[in-house]
Amino acid sequence: MVRACGRWPLSTTAARSPVGAHPTRRAPRFPAAIPVDVTVLRSGIPYTIPGRATNFGEFGMGAMLAGELSPGDVIGVAFRVPEVEMPIRTRALVRHQAKLQCGLSFVGLLPEQQMIIERWSRRMAGARPPGGFQESAGTSPVNAAALTSPEKGQHYRIVLLVLAIVLVTGGLGWWHWNQAWQDLESRVQAKVSPSQPRPRVAPEAMEQLLIHKVDPVLPETAGHPGPDAVVLNAVVGTDGSVMSVRALSGPTALVSAATDAVKWWKYQPYLIHGQPVEVETTVTVSFQGTHPTD
């Protein structure tokens with residue numbers, strides 16, 4: 001799984017390629033069901049999106065993901081070529097995005113990674129494997145009738161071997177596709193299923209994480225000559241922004257001003273086991289020293 005990604009600098013070729021449209025492919029792609037993990041940066045935090053490839057070739061792939069990407073994004077991608085143990089981890093450029101389907105172009109493949117993908121593509125295209133049979137001298141490659149019986153038998157054996165490889169590869173591909181699809185559905189279901197209750201954090205602990213605070217403005221219609229305070233329940237998102245605010249106590253005339261101020265507050269993300277989570281906390285907004293609006 002790729003853990004570091006973002007907008008890496010692209011090569012000149014990748015930078016000149018059109019984004020947002022389906023570009024002309026430099027090499028064919030073949031149907032494939034390969035589990036794929038895509039890593040993007042969301043609010044400065046690496047975020048992994050699971051998915052599966054729908055087609056695959058030497059320069060890119062089409063994929064169905066459990067999240068949205070934007071054309072032009074440079075992302076981290078990790079996948080495993082069928083029948084190859086070593087996973088491939090590289091960067092890719094998002095060419096197009098339609099609902100959950102997108103097209104990716106590989107960026108910066110290592111030579112050994114390129115060789116693995118090329119060998120797989122040639123096998124899927126039905127190319128002759130290295131060291132395969134050669135026509136005897138003086139035999140035209142397009143004149144099958146000129147082959148002798150031993151040569152014909154060798155030719156048939158190779159054809160049968162290729163067909164067996166295709167059938168085995170197809171069976172393994174179907175099995176991988178089925179497993180990957182079940183895994184994708186379970187992950188998507190987990191994302192849309194009701195989540196656990198948000199952790200509640202003490203006001204003192206959240207106050208230490210506060211990095212941006214907006215003071216409230218006392219409205220002219222408040223009717224309170226002295227200082228006063230409003231107690232609010234706030235939901236803080238994984239990026240530290242205040243997602244929602246609900247009044248718990250305080251003068252009705254001051255609730256709106258207090259709510260408007262707290263919505264602009266910003267915290268450092270609250271971490272549990274090193275991962276940012278949404279939390280609830282209690283915020284007390286004091287109007288002491290504030291002045292009514294002009």
# chains A, B, ... in the order shown; residues from 1 in each chain; ligands from 1
>>> residues_around(residues="Gly57 of chain A", least_positions_apart="2", cutoff="8 Å", atoms="only C-alpha atoms", output="JSON list (two decimals) with C-alpha atoms, in the first residue's frame")
[["chain", "number", "residue", "atom", "x", "y", "z"],
["A", 27, "ALA", "CA", -0.66, 0.49, -26.36],
["A", 28, "PRO", "CA", -3.74, -1.74, -26.10],
["A", 29, "ARG", "CA", -5.33, -2.62, -22.78],
["A", 30, "PHE", "CA", -6.76, -5.98, -21.83],
["A", 55, "ASN", "CA", -8.60, -3.03, -17.95],
["A", 59, "PHE", "CA", 0.96, 2.60, -19.99],
["A", 60, "GLY", "CA", -2.09, 2.70, -17.73],
["A", 61, "MET", "CA", -5.33, 1.18, -16.53],
["A", 117, "ILE", "CA", 3.83, -5.27, -17.45],
["A", 118, "GLU", "CA", 5.13, -5.70, -21.03],
["A", 121, "SER", "CA", 0.60, -7.63, -22.08]]
>>> closest_residue(among="A:Ala78, A:Ala258, A:Val285, A:Val277", to="Ala229 of chain A", atoms="only C-alpha atoms")
A:Val285
>>> residues_around(residues="segment 99-112 of chain A", least_positions_apart="3", cutoff="7 Å", atoms="only C-alpha atoms", output="PyMOL selection string")
chain A and resi 59-68+90-96+115-116
>>> write_last_selection(atoms="C-alpha atoms", output="PDB file, in the first residue's frame")
ATOM      1  CA  PHE A  59       0.955   2.597 -19.990  1.00  0.00           C
ATOM      2  CA  GLY A  60      -2.089   2.696 -17.729  1.00  0.00           C
ATOM      3  CA  MET A  61      -5.327   1.180 -16.527  1.00  0.00           C
ATOM      4  CA  GLY A  62      -9.020   1.798 -16.137  1.00  0.00           C
ATOM      5  CA  ALA A  63     -10.294   1.380 -12.597  1.00  0.00           C
ATOM      6  CA  MET A  64     -13.440   1.481 -10.492  1.00  0.00           C
ATOM      7  CA  LEU A  65     -12.770   3.112  -7.126  1.00  0.00           C
ATOM      8  CA  ALA A  66     -14.721   3.573  -3.909  1.00  0.00           C
ATOM      9  CA  GLY A  67     -14.140   7.349  -4.002  1.00  0.00           C
ATOM     10  CA  GLU A  68     -13.878  10.348  -6.295  1.00  0.00           C
ATOM     11  CA  THR A  90       4.195   3.707  -8.720  1.00  0.00           C
ATOM     12  CA  ARG A  91       2.577   7.030  -9.526  1.00  0.00           C
ATOM     13  CA  ALA A  92      -0.237   7.658 -11.975  1.00  0.00           C
ATOM     14  CA  LEU A  93      -1.954  10.642 -13.577  1.00  0.00           C
ATOM     15  CA  VAL A  94      -5.760  10.784 -13.463  1.00  0.00           C
ATOM     16  CA  ARG A  95      -6.846  11.252 -17.097  1.00  0.00           C
ATOM     17  CA  HIS A  96     -10.613  11.195 -16.676  1.00  0.00           C
ATOM     18  CA  MET A 115       9.284  -5.325 -18.100  1.00  0.00           C
ATOM     19  CA  ILE A 116       6.746  -7.167 -15.923  1.00  0.00           C
TER      20      ILE A 116
END
>>> select_by_dssp(residues="segment 31-60 of chain A", states="strand (DSSP E)", output="list in words")
Pro31, Pro35, Val36, Asp37, Val38, Thr39, Val40, Leu41, Arg42, Ile45, Pro46, Tyr47, Thr48, Ile49, Pro50, Gly51, Arg52, Ala53, Thr54, Asn55, Phe56, Gly57 and Gly60 of chain A
>>> residues_around(residues="Thr284 of chain A", least_positions_apart="4", cutoff="12 Å", atoms="only C-alpha atoms", output="count of residues only")
26
>>> closest_residue(among="A:Glu280, A:Glu83, A:Asp73, A:Asp260", to="Val235 of chain A", atoms="only C-alpha atoms")
A:Glu280
>>> closest_residue(among="A:Met243, A:Ala32, A:Ala253, A:Leu210", to="Gln268 of chain A", atoms="only C-alpha atoms")
A:Leu210
>>> closest_residue(among="A:Val236, A:Val40, A:Leu254, A:Leu160", to="Pro199 of chain A", atoms="only C-alpha atoms")
A:Val236
>>> residues_around(residues="Arg200 of chain A", least_positions_apart="3", cutoff="9 Å", atoms="only C-alpha atoms", output="ChimeraX atom specification")
/A:197,279-282
